[in-house]
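Shown next: model.pdb, containing PDB, C-alpha atoms, pLDDT in the B column.
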```pdb
ATOM      1  CA  MET A  83     120.230 160.305  50.524  1.00 61.00           C
ATOM      2  CA  SER A  84     123.443 158.290  50.785  1.00 73.00           C
ATOM      3  CA  ALA A  85     123.458 155.006  52.672  1.00 74.00           C
ATOM      4  CA  VAL A  86     125.840 156.343  55.340  1.00 77.00           C
ATOM      5  CA  ILE A  87     123.708 159.427  55.973  1.00 79.00           C
ATOM      6  CA  LEU A  88     120.642 157.181  56.215  1.00 79.00           C
ATOM      7  CA  ALA A  89     122.436 155.006  58.769  1.00 84.00           C
ATOM      8  CA  ARG A  90     123.519 158.013  60.829  1.00 83.00           C
ATOM      9  CA  GLU A  91     119.853 158.966  61.288  1.00 84.00           C
ATOM     10  CA  LEU A  92     119.430 155.896  63.505  1.00 90.00           C
ATOM     11  CA  PRO A  93     120.416 156.206  67.195  1.00 91.00           C
ATOM     12  CA  LEU A  94     121.435 152.559  66.890  1.00 92.00           C
ATOM     13  CA  PHE A  95     124.567 153.645  65.016  1.00 92.00           C
ATOM     14  CA  ALA A  96     125.393 156.745  67.084  1.00 88.00           C
ATOM     15  CA  GLY A  97     128.732 155.319  68.257  1.00 89.00           C
ATOM     16  CA  THR A  98     129.574 153.048  65.338  1.00 91.00           C
ATOM     17  CA  PRO A  99     132.945 153.914  63.727  1.00 89.00           C
ATOM     18  CA  ASP A 100     132.774 155.372  60.236  1.00 87.00           C
ATOM     19  CA  ALA A 101     134.723 152.509  58.669  1.00 89.00           C
ATOM     20  CA  ARG A 102     132.378 149.889  60.144  1.00 90.00           C
ATOM     21  CA  LEU A 103     129.304 151.893  59.219  1.00 90.00           C
ATOM     22  CA  ALA A 104     130.500 152.212  55.626  1.00 90.00           C
ATOM     23  CA  GLN A 105     130.478 148.414  55.399  1.00 91.00           C
ATOM     24  CA  ILE A 106     126.970 148.073  56.779  1.00 91.00           C
ATOM     25  CA  ALA A 107     125.240 151.094  55.257  1.00 92.00           C
ATOM     26  CA  PRO A 108     124.870 149.679  51.696  1.00 93.00           C
ATOM     27  CA  ARG A 109     122.865 146.780  53.145  1.00 93.00           C
ATOM     28  CA  LEU A 110     120.266 149.036  54.790  1.00 94.00           C
ATOM     29  CA  ARG A 111     116.899 149.491  53.106  1.00 93.00           C
ATOM     30  CA  GLU A 112     114.365 152.283  53.566  1.00 93.00           C
ATOM     31  CA  ILE A 113     110.737 151.157  53.319  1.00 94.00           C
ATOM     32  CA  ALA A 114     107.407 152.991  53.345  1.00 97.00           C
ATOM     33  CA  PHE A 115     104.082 151.777  54.707  1.00 97.00           C
ATOM     34  CA  ASP A 116     100.488 153.003  54.704  1.00 97.00           C
ATOM     35  CA  ALA A 117      97.878 152.921  57.450  1.00 95.00           C
ATOM     36  CA  GLY A 118      96.393 149.428  57.602  1.00 94.00           C
ATOM     37  CA  ASP A 119      99.387 147.678  56.045  1.00 96.00           C
ATOM     38  CA  VAL A 120     100.183 144.342  57.686  1.00 96.00           C
ATOM     39  CA  ILE A 121     103.854 144.530  58.623  1.00 96.00           C
ATOM     40  CA  HIS A 122     104.016 141.035  60.133  1.00 96.00           C
ATOM     41  CA  ARG A 123     101.645 138.121  60.522  1.00 95.00           C
ATOM     42  CA  GLU A 124     102.071 135.599  63.306  1.00 94.00           C
ATOM     43  CA  GLY A 125     104.723 133.049  62.297  1.00 95.00           C
ATOM     44  CA  ASP A 126     106.497 135.279  59.756  1.00 96.00           C
ATOM     45  CA  GLU A 127     110.246 134.816  59.473  1.00 94.00           C
ATOM     46  CA  CYS A 128     112.305 137.919  60.293  1.00 95.00           C
ATOM     47  CA  ASP A 129     115.575 138.237  58.385  1.00 94.00           C
ATOM     48  CA  ARG A 130     115.664 142.027  58.829  1.00 95.00           C
ATOM     49  CA  VAL A 131     114.887 144.356  61.736  1.00 95.00           C
ATOM     50  CA  ALA A 132     112.976 147.565  61.040  1.00 95.00           C
ATOM     51  CA  PHE A 133     113.649 150.818  62.893  1.00 94.00           C
ATOM     52  CA  VAL A 134     110.665 153.125  62.486  1.00 95.00           C
ATOM     53  CA  THR A 135     111.658 156.662  61.500  1.00 93.00           C
ATOM     54  CA  GLU A 136     108.143 158.003  60.923  1.00 95.00           C
ATOM     55  CA  GLY A 137     104.647 156.759  61.783  1.00 96.00           C
ATOM     56  CA  GLU A 138     103.296 154.127  64.146  1.00 95.00           C
ATOM     57  CA  ILE A 139     102.851 150.335  64.159  1.00 96.00           C
ATOM     58  CA  ARG A 140     100.513 148.446  66.482  1.00 93.00           C
ATOM     59  CA  VAL A 141     101.642 145.047  67.765  1.00 94.00           C
ATOM     60  CA  ALA A 142      98.922 142.709  69.057  1.00 91.00           C
ATOM     61  CA  LYS A 143      98.629 139.077  70.076  1.00 89.00           C
ATOM     62  CA  GLY A 144      95.620 137.107  68.875  1.00 80.00           C
ATOM     63  CA  GLY A 145      93.588 134.832  71.098  1.00 67.00           C
ATOM     64  CA  PRO A 146      90.702 132.357  70.924  1.00 59.00           C
ATOM     65  CA  VAL A 147      87.375 133.251  69.288  1.00 54.00           C
ATOM     66  CA  GLY A 148      88.757 136.407  67.730  1.00 57.00           C
ATOM     67  CA  ARG A 149      89.955 137.904  71.000  1.00 66.00           C
ATOM     68  CA  GLY A 150      93.326 139.570  71.266  1.00 77.00           C
ATOM     69  CA  ILE A 151      95.317 142.181  73.122  1.00 86.00           C
ATOM     70  CA  GLU A 152      97.502 145.059  72.042  1.00 88.00           C
ATOM     71  CA  ILE A 153     100.998 144.548  73.448  1.00 91.00           C
ATOM     72  CA  TYR A 154     102.576 147.853  72.495  1.00 93.00           C
ATOM     73  CA  ARG A 155     103.001 150.398  69.706  1.00 92.00           C
ATOM     74  CA  VAL A 156     106.215 151.086  67.815  1.00 95.00           C
ATOM     75  CA  VAL A 157     106.903 154.759  67.074  1.00 93.00           C
ATOM     76  CA  ALA A 158     109.871 156.775  65.810  1.00 90.00           C
ATOM     77  CA  ILE A 159     112.640 156.093  66.418  1.00 88.00           C
ATOM     78  CA  GLU A 160     112.170 152.590  67.751  1.00 90.00           C
ATOM     79  CA  PRO A 161     112.576 148.948  66.749  1.00 93.00           C
ATOM     80  CA  CYS A 162     110.012 146.263  67.510  1.00 95.00           C
ATOM     81  CA  VAL A 163     111.410 144.062  70.287  1.00 93.00           C
ATOM     82  CA  LEU A 164     109.463 141.024  69.072  1.00 95.00           C
ATOM     83  CA  GLU A 165     111.013 141.470  65.641  1.00 95.00           C
ATOM     84  CA  LEU A 166     114.443 141.814  67.275  1.00 93.00           C
ATOM     85  CA  SER A 167     113.839 138.639  69.261  1.00 93.00           C
ATOM     86  CA  ALA A 168     112.558 136.698  66.247  1.00 94.00           C
ATOM     87  CA  ALA A 169     115.470 137.833  64.091  1.00 92.00           C
ATOM     88  CA  MET A 170     118.133 137.106  66.689  1.00 89.00           C
ATOM     89  CA  GLY A 171     116.577 133.763  67.676  1.00 89.00           C
ATOM     90  CA  ARG A 172     115.712 132.729  64.121  1.00 87.00           C
ATOM     91  CA  SER A 173     112.136 132.073  65.205  1.00 92.00           C
ATOM     92  CA  GLY A 174     108.761 133.089  63.836  1.00 95.00           C
ATOM     93  CA  TYR A 175     107.228 136.448  64.670  1.00 96.00           C
ATOM     94  CA  PRO A 176     104.946 135.723  67.658  1.00 94.00           C
ATOM     95  CA  ALA A 177     102.267 138.377  67.100  1.00 94.00           C
ATOM     96  CA  ARG A 178     100.660 140.563  64.428  1.00 93.00           C
ATOM     97  CA  ALA A 179     101.969 144.016  63.512  1.00 95.00           C
ATOM     98  CA  VAL A 180      99.796 146.494  61.604  1.00 94.00           C
ATOM     99  CA  ALA A 181     100.547 150.116  60.707  1.00 96.00           C
ATOM    100  CA  THR A 182      98.134 152.567  62.319  1.00 93.00           C
ATOM    101  CA  THR A 183      99.454 155.472  60.238  1.00 96.00           C
ATOM    102  CA  GLY A 184     101.533 155.929  57.150  1.00 97.00           C
ATOM    103  CA  GLY A 185     105.250 156.065  57.758  1.00 96.00           C
ATOM    104  CA  ARG A 186     108.748 154.912  56.962  1.00 95.00           C
ATOM    105  CA  ALA A 187     111.371 152.635  58.469  1.00 95.00           C
ATOM    106  CA  VAL A 188     114.976 151.637  57.901  1.00 94.00           C
ATOM    107  CA  THR A 189     115.629 147.896  57.931  1.00 95.00           C
ATOM    108  CA  VAL A 190     118.877 146.266  59.046  1.00 95.00           C
ATOM    109  CA  PRO A 191     119.809 142.676  58.053  1.00 95.00           C
ATOM    110  CA  ALA A 192     119.596 140.355  61.044  1.00 94.00           C
ATOM    111  CA  ASP A 193     123.080 138.936  60.471  1.00 94.00           C
ATOM    112  CA  ALA A 194     124.632 142.421  60.407  1.00 93.00           C
ATOM    113  CA  LEU A 195     122.831 143.350  63.620  1.00 93.00           C
ATOM    114  CA  THR A 196     124.030 140.129  65.260  1.00 92.00           C
ATOM    115  CA  ASP A 197     127.625 140.944  64.355  1.00 92.00           C
ATOM    116  CA  LEU A 198     127.266 144.486  65.720  1.00 92.00           C
ATOM    117  CA  LEU A 199     125.821 143.204  68.979  1.00 92.00           C
ATOM    118  CA  ALA A 200     128.944 141.104  69.426  1.00 91.00           C
ATOM    119  CA  THR A 201     131.422 143.896  68.675  1.00 91.00           C
ATOM    120  CA  ASP A 202     129.864 147.367  69.057  1.00 93.00           C
ATOM    121  CA  ALA A 203     129.312 148.589  72.632  1.00 93.00           C
ATOM    122  CA  GLY A 204     127.069 151.443  71.445  1.00 92.00           C
ATOM    123  CA  VAL A 205     124.760 149.078  69.592  1.00 93.00           C
ATOM    124  CA  GLN A 206     124.678 146.803  72.644  1.00 93.00           C
ATOM    125  CA  ARG A 207     123.669 149.686  74.925  1.00 93.00           C
ATOM    126  CA  PHE A 208     120.948 150.859  72.554  1.00 93.00           C
ATOM    127  CA  VAL A 209     119.405 147.437  71.895  1.00 93.00           C
ATOM    128  CA  PHE A 210     119.563 146.077  75.440  1.00 93.00           C
ATOM    129  CA  GLY A 211     118.489 149.395  76.958  1.00 93.00           C
ATOM    130  CA  PHE A 212     115.467 149.589  74.691  1.00 92.00           C
ATOM    131  CA  MET A 213     114.553 145.937  75.265  1.00 93.00           C
ATOM    132  CA  SER A 214     114.753 146.488  79.031  1.00 93.00           C
ATOM    133  CA  ALA A 215     112.427 149.489  78.829  1.00 92.00           C
ATOM    134  CA  ARG A 216     109.963 147.622  76.617  1.00 92.00           C
ATOM    135  CA  LEU A 217     110.000 144.613  78.938  1.00 91.00           C
ATOM    136  CA  ALA A 218     109.078 146.905  81.829  1.00 93.00           C
ATOM    137  CA  SER A 219     106.078 148.246  79.901  1.00 90.00           C
ATOM    138  CA  VAL A 220     104.954 144.723  78.992  1.00 90.00           C
ATOM    139  CA  MET A 221     105.237 143.652  82.630  1.00 91.00           C
ATOM    140  CA  GLN A 222     103.024 146.604  83.567  1.00 88.00           C
ATOM    141  CA  LEU A 223     100.467 145.395  81.023  1.00 87.00           C
ATOM    142  CA  VAL A 224     100.608 141.877  82.485  1.00 87.00           C
ATOM    143  CA  GLU A 225     100.055 143.286  85.970  1.00 88.00           C
ATOM    144  CA  GLU A 226      97.025 145.266  84.842  1.00 85.00           C
ATOM    145  CA  VAL A 227      95.472 142.303  83.045  1.00 84.00           C
ATOM    146  CA  ALA A 228      96.112 139.914  85.928  1.00 85.00           C
ATOM    147  CA  PHE A 229      95.269 142.027  88.952  1.00 90.00           C
ATOM    148  CA  ARG A 230      92.995 144.959  88.053  1.00 90.00           C
ATOM    149  CA  LYS A 231      89.263 144.652  87.533  1.00 92.00           C
ATOM    150  CA  MET A 232      88.085 145.238  83.997  1.00 93.00           C
ATOM    151  CA  ASP A 233      85.732 148.084  84.928  1.00 94.00           C
ATOM    152  CA  GLU A 234      88.640 149.926  86.574  1.00 93.00           C
ATOM    153  CA  ARG A 235      90.886 149.338  83.563  1.00 93.00           C
ATOM    154  CA  LEU A 236      88.174 150.555  81.196  1.00 95.00           C
ATOM    155  CA  GLU A 237      87.603 153.772  83.150  1.00 94.00           C
ATOM    156  CA  THR A 238      91.353 154.452  83.297  1.00 93.00           C
ATOM    157  CA  PHE A 239      91.702 153.735  79.578  1.00 92.00           C
ATOM    158  CA  LEU A 240      88.877 156.100  78.631  1.00 95.00           C
ATOM    159  CA  ARG A 241      90.309 158.936  80.706  1.00 93.00           C
ATOM    160  CA  ARG A 242      93.756 158.408  79.190  1.00 91.00           C
ATOM    161  CA  GLU A 243      92.605 158.182  75.569  1.00 91.00           C
ATOM    162  CA  ALA A 244      89.932 160.908  75.588  1.00 94.00           C
ATOM    163  CA  THR A 245      90.639 164.124  73.699  1.00 93.00           C
ATOM    164  CA  GLY A 246      88.776 167.370  73.166  1.00 91.00           C
ATOM    165  CA  ASP A 247      86.250 169.348  75.195  1.00 88.00           C
ATOM    166  CA  PRO A 248      84.072 167.587  76.077  1.00 88.00           C
ATOM    167  CA  PRO A 249      86.463 164.612  76.119  1.00 94.00           C
ATOM    168  CA  VAL A 250      85.699 161.920  73.565  1.00 95.00           C
ATOM    169  CA  VAL A 251      87.261 158.544  72.757  1.00 96.00           C
ATOM    170  CA  ARG A 252      86.741 157.852  69.054  1.00 95.00           C
ATOM    171  CA  MET A 253      87.074 154.087  68.949  1.00 93.00           C
ATOM    172  CA  THR A 254      84.750 151.162  68.334  1.00 93.00           C
ATOM    173  CA  HIS A 255      83.955 148.698  71.092  1.00 94.00           C
ATOM    174  CA  ASP A 256      86.002 146.111  69.194  1.00 90.00           C
ATOM    175  CA  ALA A 257      89.056 148.378  69.181  1.00 89.00           C
ATOM    176  CA  ILE A 258      88.715 149.153  72.884  1.00 92.00           C
ATOM    177  CA  ALA A 259      88.362 145.449  73.660  1.00 90.00           C
ATOM    178  CA  GLU A 260      91.575 144.639  71.788  1.00 85.00           C
ATOM    179  CA  ARG A 261      93.467 147.373  73.614  1.00 87.00           C
ATOM    180  CA  LEU A 262      92.282 145.935  76.934  1.00 89.00           C
ATOM    181  CA  GLY A 263      92.585 142.259  76.052  1.00 83.00           C
ATOM    182  CA  THR A 264      88.961 141.320  76.584  1.00 86.00           C
ATOM    183  CA  ALA A 265      85.843 140.512  74.566  1.00 85.00           C
ATOM    184  CA  ARG A 266      83.769 143.148  72.799  1.00 89.00           C
ATOM    185  CA  GLU A 267      80.707 141.943  74.697  1.00 92.00           C
ATOM    186  CA  VAL A 268      82.413 142.735  78.012  1.00 92.00           C
ATOM    187  CA  VAL A 269      83.310 146.259  76.883  1.00 94.00           C
ATOM    188  CA  SER A 270      79.791 146.878  75.550  1.00 94.00           C
ATOM    189  CA  ARG A 271      78.217 145.698  78.818  1.00 95.00           C
ATOM    190  CA  LEU A 272      80.488 147.857  80.981  1.00 96.00           C
ATOM    191  CA  LEU A 273      79.984 150.914  78.772  1.00 96.00           C
ATOM    192  CA  GLU A 274      76.216 150.458  78.948  1.00 95.00           C
ATOM    193  CA  GLN A 275      76.450 150.365  82.747  1.00 95.00           C
ATOM    194  CA  MET A 276      78.545 153.544  82.700  1.00 94.00           C
ATOM    195  CA  SER A 277      75.977 155.148  80.393  1.00 94.00           C
ATOM    196  CA  GLN A 278      73.146 154.273  82.773  1.00 93.00           C
ATOM    197  CA  ARG A 279      75.096 155.939  85.597  1.00 92.00           C
ATOM    198  CA  GLY A 280      75.505 159.061  83.486  1.00 92.00           C
ATOM    199  CA  GLU A 281      79.299 158.711  83.207  1.00 94.00           C
ATOM    200  CA  VAL A 282      79.439 158.402  79.422  1.00 94.00           C
ATOM    201  CA  ALA A 283      77.286 159.027  76.384  1.00 93.00           C
ATOM    202  CA  LEU A 284      77.532 156.387  73.671  1.00 94.00           C
ATOM    203  CA  ARG A 285      77.412 157.061  69.949  1.00 92.00           C
ATOM    204  CA  ARG A 286      78.472 154.952  67.008  1.00 91.00           C
ATOM    205  CA  GLY A 287      82.268 154.769  67.005  1.00 91.00           C
ATOM    206  CA  GLU A 288      82.764 157.043  70.018  1.00 95.00           C
ATOM    207  CA  VAL A 289      82.448 157.285  73.793  1.00 96.00           C
ATOM    208  CA  ARG A 290      81.856 160.767  75.233  1.00 94.00           C
ATOM    209  CA  LEU A 291      82.854 161.294  78.865  1.00 95.00           C
ATOM    210  CA  THR A 292      80.108 163.250  80.595  1.00 91.00           C
ATOM    211  CA  GLY A 293      81.540 163.469  84.120  1.00 71.00           C
ATOM    212  CA  GLY A 294      78.501 161.947  85.815  1.00 58.00           C
ATOM    213  CA  SER A 295      78.750 160.222  89.203  1.00 50.00           C
TER
END
```
Please lay out the structure from this file as structure tokens.
Amino acid sequence: MSAVILARELPLFAGTPDARLAQIAPRLREIAFDAGDVIHREGDECDRVAFVTEGEIRVAKGGPVGRGIEIYRVVAIEPCVLELSAAMGRSGYPARAVATTGGRAVTVPADALTDLLATDAGVQRFVFGFMSARLASVMQLVEEVAFRKMDERLETFLRREATGDPPVVRMTHDAIAERLGTAREVVSRLLEQMSQRGEVALRRGEVRLTGGS
């Protein structure tokens, strides 16, 4: 695949003139990742910005005593806004990014993206529009963490994530705790209470919703 064709696959460059794209395209790089690969550790420098074309990357922020919270997931065809921010601001990556599936991404040098943001209206609309949408989702997460009770958040999470008939959430208590930004012990205690009420059945690595009162 030629560099220009690779670049045209990204919505970022939808309105970029051919002559300008021909200058940038040779500097793009296509990368592959496997499930479990660490894409970024906290504090990493970001001299390129990756646009996922296939797969999924989980971005989480660590906390004290092993606690942490998932901030968002990056899927096709998206950039990671924290990577954008770190690259544009020449600061360290403020979280941890890990691939949840295998996939691919196209990386753009930070300096080239900075130049495009100053001169290309299409790139400006894409980047700022996406960052605005992501900020809204992060604000929703902040609101949930700050103002909703954990038992309510857990019940909502289980209903949203459950699949199959009967509905099952195939996740460990540790994984659920990270998604909700709390401690594993809190999740285990609340799930045990739900089990006693007949609302869930607990097995190793899964939570089965039973529909009890």
- Given the choices A:Ala228, A:Val180, A:Leu284, A:Met221, which gets closest to Gly137 in chain A if the distance is worked out from only C-alpha atoms?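 Using only C-alpha atoms, Gly137 in chain A sits closest to A:Val180.
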Just so the selection is clear, what residues does the PyMOL selection byres ((chain A and resi 222-227) around 12) cover here, as a compact mmCIF listing (two decimals) with C-alpha atoms, in the frame of the given file?
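Here's the written file part_15.txt:
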```
# COMPACT_ATOMS: atom_id res chain seq x y z
CA ILE A 151 95.32 142.18 73.12
CA GLU A 152 97.50 145.06 72.04
CA ILE A 153 101.00 144.55 73.45
CA TYR A 154 102.58 147.85 72.50
CA ALA A 215 112.43 149.49 78.83
CA ARG A 216 109.96 147.62 76.62
CA LEU A 217 110.00 144.61 78.94
CA ALA A 218 109.08 146.90 81.83
CA SER A 219 106.08 148.25 79.90
CA VAL A 220 104.95 144.72 78.99
CA MET A 221 105.24 143.65 82.63
CA ALA A 228 96.11 139.91 85.93
CA PHE A 229 95.27 142.03 88.95
CA ARG A 230 93.00 144.96 88.05
CA LYS A 231 89.26 144.65 87.53
CA MET A 232 88.08 145.24 84.00
CA ASP A 233 85.73 148.08 84.93
CA GLU A 234 88.64 149.93 86.57
CA ARG A 235 90.89 149.34 83.56
CA LEU A 236 88.17 150.56 81.20
CA THR A 238 91.35 154.45 83.30
CA PHE A 239 91.70 153.74 79.58
CA ARG A 261 93.47 147.37 73.61
CA LEU A 262 92.28 145.94 76.93
CA GLY A 263 92.58 142.26 76.05
CA THR A 264 88.96 141.32 76.58
```
- Note on the structure: In Å and to one decimal, CA of Gln105 in chain A is distant from CA of Phe212 in chain A by 24.5 Å
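CA of Val188 in chain A is positioned 8.9 Å from CA of Ala114 in chain A.
Checking A:Ala244, A:Ile139, A:Leu164, A:Leu88 one by one against Phe115 in chain A, counting all atoms listed in the file, you find the shortest gap at A:Ile139.
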- Item | Selection under test: the PyMOL selection byres ((chain A and resi 272-278) around 9); residues as a ChimeraX atom specification | /A:232-233,236,255,267-271,279-284,289,294
- Task: Record the distance separating CA of Arg155 in chain A and CA of Val141 in chain A, expressed in Å with one decimal.
- Result: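 We find that CA of Arg155 in chain A and CA of Val141 in chain A lie 5.9 Å from each other.
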- Pro248 in chain A: which residues within 8 Å, counting only C-alpha atoms, same-chain residues fewer than 2 positions away excluded, as a ChimeraX atom specification? /A:245-246,250,290-292
- Task: For Ala89 in chain A, work out the shell of residues within 12 Å, counting all atoms listed in the file and skipping chain neighbours fewer than 6 positions away, then give it as number ranges by chain.
- Result: A: 83, 95-100, 102-112, 133, 135, 187-190
- Query: Hey, what comes out of the PyMOL selection byres ((chain A and resi 119) around 6) on this file? Could you write it as JSON, numbers by chain?
  - Reply: {"A": [116, 117, 118, 120, 180, 181]}
Could you give me the axis-aligned bounding box of range 163-182 of chain A, with 6 Å of padding per side, as centre plus edge lengths in Å to one decimal, as AutoDock Vina command-line options?
```
--center_x 108.1 --center_y 142.3 --center_z 65.5 --size_x 32.0 --size_y 32.5 --size_z 21.6
```
- Item | Protein/DNA/RNA residues near (123.7, 146.8, 73.4), cut 12 Å, only C-alpha atoms, as a list in words |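 The answer, in the requested form, is Pro93, Leu94, Phe95, Ala96, Gly97, Thr98, Leu195, Thr196, Asp197, Leu198, Leu199, Ala200, Thr201, Asp202, Ala203, Gly204, Val205, Gln206, Arg207, Phe208, Val209, Phe210, Gly211, Phe212, Met213 and Ser214 of chain A.
Each of A:Gly293, A:Gly287, A:Gly144, A:Arg90 was checked against Asp247 in chain A using only C-alpha atoms; the smallest atom-to-atom distance is that of A:Gly293.
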- Task: Between A:Ala142, A:Val86, A:Val251, A:Ala265, single out the one closest to Arg285 in chain A, counting only C-alpha atoms.
- Result: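 Counting only C-alpha atoms, the residue closest to Arg285 in chain A is A:Val251.
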- Task: For Val134 in chain A, please output as a list in words all residues within 6 Å (counting only C-alpha atoms; exclusion window: fewer than 5 positions along the same chain).
- Result: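 The neighbour list is Ala158, Ile159, Glu160 and Ala187 of chain A.
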Now that the selection is made, can you save its residues with C-alpha atoms as a JSON list (two decimals), keeping the file's coordinate frame?
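Output saved as again03.json:
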```
[["chain", "number", "residue", "atom", "x", "y", "z"],
["A", 158, "ALA", "CA", 109.87, 156.78, 65.81],
["A", 159, "ILE", "CA", 112.64, 156.09, 66.42],
["A", 160, "GLU", "CA", 112.17, 152.59, 67.75],
["A", 187, "ALA", "CA", 111.37, 152.64, 58.47]]
```
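Of the listed residues A:Leu240, A:Cys128, A:Ala259, A:Val157, the one whose atoms come nearest to Ser173 in chain A is A:Cys128, with distances taken using all atoms listed in the file.
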Could you model N, CA and C atoms for range 255-276 of chain A and present them as a PDB file, in the coordinates of the input?
```pdb
ATOM      1  N   HIS A 255      83.863 149.611  69.958  1.00 94.00           N
ATOM      2  CA  HIS A 255      83.955 148.698  71.092  1.00 94.00           C
ATOM      3  C   HIS A 255      84.957 147.575  70.817  1.00 94.00           C
ATOM      4  N   ASP A 256      85.031 147.144  69.559  1.00 90.00           N
ATOM      5  CA  ASP A 256      86.002 146.111  69.194  1.00 90.00           C
ATOM      6  C   ASP A 256      87.427 146.596  69.432  1.00 90.00           C
ATOM      7  N   ALA A 257      87.709 147.841  69.021  1.00 89.00           N
ATOM      8  CA  ALA A 257      89.056 148.378  69.181  1.00 89.00           C
ATOM      9  C   ALA A 257      89.418 148.552  70.651  1.00 89.00           C
ATOM     10  N   ILE A 258      88.464 149.013  71.450  1.00 92.00           N
ATOM     11  CA  ILE A 258      88.715 149.153  72.884  1.00 92.00           C
ATOM     12  C   ILE A 258      88.977 147.789  73.509  1.00 92.00           C
ATOM     13  N   ALA A 259      88.188 146.801  73.111  1.00 90.00           N
ATOM     14  CA  ALA A 259      88.362 145.449  73.660  1.00 90.00           C
ATOM     15  C   ALA A 259      89.747 144.896  73.355  1.00 90.00           C
ATOM     16  N   GLU A 260      90.242 145.141  72.134  1.00 85.00           N
ATOM     17  CA  GLU A 260      91.575 144.639  71.788  1.00 85.00           C
ATOM     18  C   GLU A 260      92.650 145.351  72.602  1.00 85.00           C
ATOM     19  N   ARG A 261      92.494 146.658  72.811  1.00 87.00           N
ATOM     20  CA  ARG A 261      93.467 147.373  73.614  1.00 87.00           C
ATOM     21  C   ARG A 261      93.510 146.847  75.039  1.00 87.00           C
ATOM     22  N   LEU A 262      92.360 146.392  75.542  1.00 89.00           N
ATOM     23  CA  LEU A 262      92.282 145.935  76.934  1.00 89.00           C
ATOM     24  C   LEU A 262      92.422 144.421  77.084  1.00 89.00           C
ATOM     25  N   GLY A 263      92.427 143.701  75.981  1.00 83.00           N
ATOM     26  CA  GLY A 263      92.585 142.259  76.052  1.00 83.00           C
ATOM     27  C   GLY A 263      91.368 141.541  76.579  1.00 83.00           C
ATOM     28  N   THR A 264      90.193 141.957  76.141  1.00 86.00           N
ATOM     29  CA  THR A 264      88.961 141.320  76.584  1.00 86.00           C
ATOM     30  C   THR A 264      88.027 141.182  75.385  1.00 86.00           C
ATOM     31  N   ALA A 265      86.816 140.704  75.634  1.00 85.00           N
ATOM     32  CA  ALA A 265      85.843 140.512  74.566  1.00 85.00           C
ATOM     33  C   ALA A 265      85.032 141.776  74.341  1.00 85.00           C
ATOM     34  N   ARG A 266      84.598 141.973  73.104  1.00 89.00           N
ATOM     35  CA  ARG A 266      83.769 143.148  72.799  1.00 89.00           C
ATOM     36  C   ARG A 266      82.523 143.177  73.658  1.00 89.00           C
ATOM     37  N   GLU A 267      81.936 141.994  73.904  1.00 92.00           N
ATOM     38  CA  GLU A 267      80.707 141.943  74.697  1.00 92.00           C
ATOM     39  C   GLU A 267      80.928 142.479  76.104  1.00 92.00           C
ATOM     40  N   VAL A 268      82.107 142.229  76.664  1.00 92.00           N
ATOM     41  CA  VAL A 268      82.413 142.735  78.012  1.00 92.00           C
ATOM     42  C   VAL A 268      82.496 144.249  77.998  1.00 92.00           C
ATOM     43  N   VAL A 269      83.188 144.801  77.004  1.00 94.00           N
ATOM     44  CA  VAL A 269      83.310 146.259  76.883  1.00 94.00           C
ATOM     45  C   VAL A 269      81.936 146.894  76.686  1.00 94.00           C
ATOM     46  N   SER A 270      81.119 146.325  75.813  1.00 94.00           N
ATOM     47  CA  SER A 270      79.791 146.878  75.550  1.00 94.00           C
ATOM     48  C   SER A 270      78.939 146.871  76.815  1.00 94.00           C
ATOM     49  N   ARG A 271      79.010 145.786  77.582  1.00 95.00           N
ATOM     50  CA  ARG A 271      78.217 145.698  78.818  1.00 95.00           C
ATOM     51  C   ARG A 271      78.663 146.745  79.837  1.00 95.00           C
ATOM     52  N   LEU A 272      79.977 146.893  80.008  1.00 96.00           N
ATOM     53  CA  LEU A 272      80.488 147.857  80.981  1.00 96.00           C
ATOM     54  C   LEU A 272      80.192 149.288  80.551  1.00 96.00           C
ATOM     55  N   LEU A 273      80.302 149.571  79.256  1.00 96.00           N
ATOM     56  CA  LEU A 273      79.984 150.914  78.772  1.00 96.00           C
ATOM     57  C   LEU A 273      78.509 151.232  78.949  1.00 96.00           C
ATOM     58  N   GLU A 274      77.650 150.243  78.746  1.00 95.00           N
ATOM     59  CA  GLU A 274      76.216 150.458  78.948  1.00 95.00           C
ATOM     60  C   GLU A 274      75.925 150.766  80.415  1.00 95.00           C
ATOM     61  N   GLN A 275      76.615 150.080  81.321  1.00 95.00           N
ATOM     62  CA  GLN A 275      76.450 150.365  82.747  1.00 95.00           C
ATOM     63  C   GLN A 275      76.921 151.780  83.077  1.00 95.00           C
ATOM     64  N   MET A 276      78.052 152.192  82.491  1.00 94.00           N
ATOM     65  CA  MET A 276      78.545 153.544  82.700  1.00 94.00           C
ATOM     66  C   MET A 276      77.572 154.576  82.131  1.00 94.00           C
TER      67      MET A 276
END
```
